[in-house]
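Reproduced below: data22.pdb, with PDB, C-alpha atoms.
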```pdb
ATOM      1  CA  MET A   1     163.236 110.345   3.259
ATOM      2  CA  SER A   2     162.690 113.883   4.449
ATOM      3  CA  CYS A   3     164.743 113.289   7.604
ATOM      4  CA  ALA A   4     167.948 113.480   5.523
ATOM      5  CA  TYR A   5     166.874 116.842   4.164
ATOM      6  CA  ARG A   6     165.648 118.197   7.493
ATOM      7  CA  THR A   7     168.843 117.248   9.332
ATOM      8  CA  ASN A   8     171.167 118.223   6.507
ATOM      9  CA  GLY A   9     172.253 114.605   6.218
ATOM     10  CA  LYS A  10     173.045 114.171   9.908
ATOM     11  CA  VAL A  11     170.604 111.366  10.629
ATOM     12  CA  ILE A  12     170.925 107.662  11.316
ATOM     13  CA  PHE A  13     168.039 106.116   9.454
ATOM     14  CA  ALA A  14     166.732 102.617   8.905
ATOM     15  CA  SER A  15     163.289 101.548   7.818
ATOM     16  CA  GLY A  16     161.352  98.307   7.703
ATOM     17  CA  SER A  17     160.758  98.938   4.009
ATOM     18  CA  PRO A  18     163.271  99.599   1.248
ATOM     19  CA  TYR A  19     163.871 103.168   0.056
ATOM     20  CA  LYS A  20     165.851 104.290  -2.948
ATOM     21  CA  PRO A  21     169.088 106.213  -2.345
ATOM     22  CA  ILE A  22     168.745 109.986  -2.328
ATOM     23  CA  SER A  23     171.288 112.701  -2.988
ATOM     24  CA  ARG A  24     171.822 115.847  -1.009
ATOM     25  CA  GLY A  25     174.433 118.032  -2.625
ATOM     26  CA  GLU A  26     177.393 115.827  -3.515
ATOM     27  CA  LYS A  27     176.493 113.143  -0.946
ATOM     28  CA  THR A  28     174.287 110.126  -1.610
ATOM     29  CA  PHE A  29     172.400 108.503   1.267
ATOM     30  CA  GLU A  30     171.503 104.808   1.178
ATOM     31  CA  PRO A  31     168.712 104.122   3.673
ATOM     32  CA  GLY A  32     169.116 100.874   5.583
ATOM     33  CA  GLN A  33     166.354  98.313   5.656
ATOM     34  CA  GLY A  34     166.256  97.594   9.386
ATOM     35  CA  ASN A  35     164.030  94.596   9.808
ATOM     36  CA  ASN A  36     164.371  90.947  10.709
ATOM     37  CA  MET A  37     165.482  89.828   7.237
ATOM     38  CA  TYR A  38     169.116  90.065   8.332
ATOM     39  CA  ILE A  39     168.925  88.212  11.642
ATOM     40  CA  PHE A  40     166.312  85.476  11.284
ATOM     41  CA  PRO A  41     167.663  83.479   8.314
ATOM     42  CA  GLY A  42     171.080  83.109   9.969
ATOM     43  CA  LEU A  43     169.598  82.578  13.423
ATOM     44  CA  GLY A  44     167.347  79.792  12.135
ATOM     45  CA  LEU A  45     170.100  78.176  10.079
ATOM     46  CA  GLY A  46     172.526  78.278  13.002
ATOM     47  CA  ALA A  47     169.975  76.751  15.380
ATOM     48  CA  LEU A  48     169.276  73.966  12.862
ATOM     49  CA  LEU A  49     172.958  73.255  12.255
ATOM     50  CA  ALA A  50     173.631  73.212  16.000
ATOM     51  CA  LYS A  51     170.652  70.875  16.433
ATOM     52  CA  ALA A  52     169.472  73.087  19.284
ATOM     53  CA  ASN A  53     165.954  72.508  20.600
ATOM     54  CA  ARG A  54     165.586  76.162  21.547
ATOM     55  CA  VAL A  55     167.082  79.544  20.721
ATOM     56  CA  THR A  56     168.798  81.132  23.701
ATOM     57  CA  ASP A  57     169.350  84.794  24.507
ATOM     58  CA  SER A  58     173.051  84.221  23.887
ATOM     59  CA  MET A  59     172.368  82.908  20.389
ATOM     60  CA  VAL A  60     170.266  85.989  19.566
ATOM     61  CA  GLU A  61     172.927  88.256  21.061
ATOM     62  CA  GLN A  62     175.683  86.665  19.002
ATOM     63  CA  ALA A  63     173.546  86.926  15.860
ATOM     64  CA  SER A  64     173.241  90.655  16.560
ATOM     65  CA  VAL A  65     176.978  91.003  17.188
ATOM     66  CA  ALA A  66     177.719  89.202  13.919
ATOM     67  CA  LEU A  67     175.374  91.523  12.024
ATOM     68  CA  ALA A  68     176.882  94.599  13.661
ATOM     69  CA  GLY A  69     180.352  93.492  12.593
ATOM     70  CA  SER A  70     179.377  92.626   9.034
ATOM     71  CA  LEU A  71     179.791  95.994   7.339
ATOM     72  CA  ASP A  72     182.657  96.024   4.865
ATOM     73  CA  ALA A  73     184.968  99.005   4.384
ATOM     74  CA  ASP A  74     182.917 100.405   1.494
ATOM     75  CA  GLU A  75     179.685 100.209   3.516
ATOM     76  CA  ARG A  76     181.307 101.910   6.526
ATOM     77  CA  ALA A  77     182.693 104.647   4.262
ATOM     78  CA  ALA A  78     179.174 105.196   2.882
ATOM     79  CA  GLY A  79     177.880 105.594   6.445
ATOM     80  CA  LEU A  80     175.536 102.620   6.216
ATOM     81  CA  VAL A  81     173.863 101.164   9.301
ATOM     82  CA  TYR A  82     173.197  97.767   7.688
ATOM     83  CA  PRO A  83     175.106  95.903   4.982
ATOM     84  CA  ARG A  84     173.849  96.075   1.426
ATOM     85  CA  LEU A  85     171.121  93.606   0.559
ATOM     86  CA  ASP A  86     173.146  91.965  -2.205
ATOM     87  CA  ARG A  87     175.348  90.450   0.548
ATOM     88  CA  ILE A  88     172.440  88.860   2.487
ATOM     89  CA  ARG A  89     173.595  85.260   1.917
ATOM     90  CA  GLU A  90     177.119  86.024   3.085
ATOM     91  CA  ILE A  91     175.759  87.839   6.137
ATOM     92  CA  SER A  92     173.347  84.988   6.941
ATOM     93  CA  ALA A  93     176.210  82.474   6.821
ATOM     94  CA  SER A  94     178.280  84.600   9.224
ATOM     95  CA  ILE A  95     175.335  84.949  11.577
ATOM     96  CA  ALA A  96     174.682  81.190  11.436
ATOM     97  CA  LEU A  97     178.306  80.517  12.395
ATOM     98  CA  ALA A  98     178.032  82.890  15.360
ATOM     99  CA  VAL A  99     174.818  81.171  16.476
ATOM    100  CA  VAL A 100     176.394  77.705  16.244
ATOM    101  CA  ARG A 101     179.358  78.888  18.314
ATOM    102  CA  ALA A 102     177.028  80.391  20.926
ATOM    103  CA  ALA A 103     175.159  77.071  21.109
ATOM    104  CA  GLN A 104     178.429  75.174  21.484
ATOM    105  CA  ASN A 105     179.552  77.507  24.266
ATOM    106  CA  ALA A 106     176.304  76.828  26.126
ATOM    107  CA  VAL A 107     176.960  73.095  26.355
ATOM    108  CA  ARG A 108     177.104  71.843  29.953
ATOM    109  CA  PRO A 109     176.373  68.378  31.317
ATOM    110  CA  SER A 110     172.981  69.607  32.535
ATOM    111  CA  SER A 111     172.257  71.721  29.476
ATOM    112  CA  GLU A 112     168.715  71.615  28.106
ATOM    113  CA  LEU A 113     169.820  73.074  24.785
ATOM    114  CA  TRP A 114     169.763  69.712  23.046
ATOM    115  CA  ASP A 115     167.271  66.881  23.276
ATOM    116  CA  SER A 116     168.528  63.829  25.114
TER     117      SER A 116
END
```
When written as structure tokens, how does the structure in this file appear?
Amino acid sequence: MSCAYRTNGKVIFASGSPYKPISRGEKTFEPGQGNNMYIFPGLGLGALLAKANRVTDSMVEQASVALAGSLDADERAAGLVYPRLDRIREISASIALAVVRAAQNAVRPSSELWDS
């Protein structure tokens, strides 16, 4: 992860593949794994639980908002972009809840979100 060295640690970095933490002086950097493994499990679970026949833009947006708000205090203090992987099930459950709520908010008498 040469970008941490080249920017003296002033980089926001996420990769589609996992990288080991690196140290620069007294600071340790934990690269985020920025791929669909955070969003899609919760998005799919939420759509299934909501019994939606399609995934709407609002459901995807709320999944993203839930992920963005999922960092705990320790992860924020470490400067992470994504939560740690060992919390993936907890994060997926939170995302699924957000997706279900988005589906519920979309309900209108003429809604095509659910099969008749």
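Considering the residues A:Asp74, A:Asp86, A:Glu30, A:Glu61 and counting all atoms listed in the file, Val99 of chain A has its shortest atom-to-atom contact with A:Glu61.
When all atoms listed in the file are used to measure the gap to Leu45 of chain A, the shortest distance among A:Ala73, A:Ala4, A:Ala98, A:Leu67 belongs to A:Ala98.
Atom CA of Ala96 of chain A lies 28.6 Å from atom CA of Lys20 of chain A.
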Which of A:Val81, A:Ile91, A:Val100, A:Cys3 sits closest to Gly34 of chain A [using only C-alpha atoms]:
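Of A:Val81, A:Ile91, A:Val100, A:Cys3, the one nearest Gly34 of chain A is A:Val81, counting only C-alpha atoms.
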Let me have the centre and edge lengths of the axis-aligned box enclosing all listed atoms of segment 90-99 of chain A with 8 Å padding on every side, in Å to one decimal, as AutoDock Vina command-line options.
```
--center_x 175.8 --center_y 84.2 --center_z 9.8 --size_x 21.0 --size_y 23.3 --size_z 29.4
```
Given only C-alpha atoms as the counted atoms, nearest of A:Ile22, A:Ala102, A:Ala14, A:Ile95 to Gly69 of chain A
A:Ile95
Determine, counting only C-alpha atoms, which protein, DNA and RNA residues have an atom within 12 Å of an atom of Gly25 of chain A; residues of the same chain fewer than 4 positions away are not included. Present the result as a count of residues only.
5
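The coordinates place atom CA of Ala77 of chain A at 15.2 Å from atom CA of Pro21 of chain A.
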Atom CA of Ala103 of chain A sits from atom CA of Gly46 of chain A at a separation of 8.6 Å
Pick out the closest residue to Asn35 of chain A from this set: A:Lys10, A:Ala78, A:Ala93, A:Leu85. Count all atoms listed in the file.
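The answer is A:Leu85, which sits nearest to Asn35 of chain A.
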Spatial neighbours of Tyr19 of chain A, 9 Å, all atoms listed in the file, chain gap at least 3 places, as JSON, numbers by chain:
{"A": [1, 15, 22, 30, 31, 32, 33]}
Expand the PyMOL selection byres ((chain A and resi 50) around 12) into the explicit residue set it covers here, and present it as a PyMOL selection string.
chain A and resi 42-49+51-55+59+96-107+113-115
In terms of all atoms listed in the file, the residue from A:Asn36, A:Ser2, A:Phe13, A:Tyr82 at minimal distance from Val60 of chain A is A:Asn36
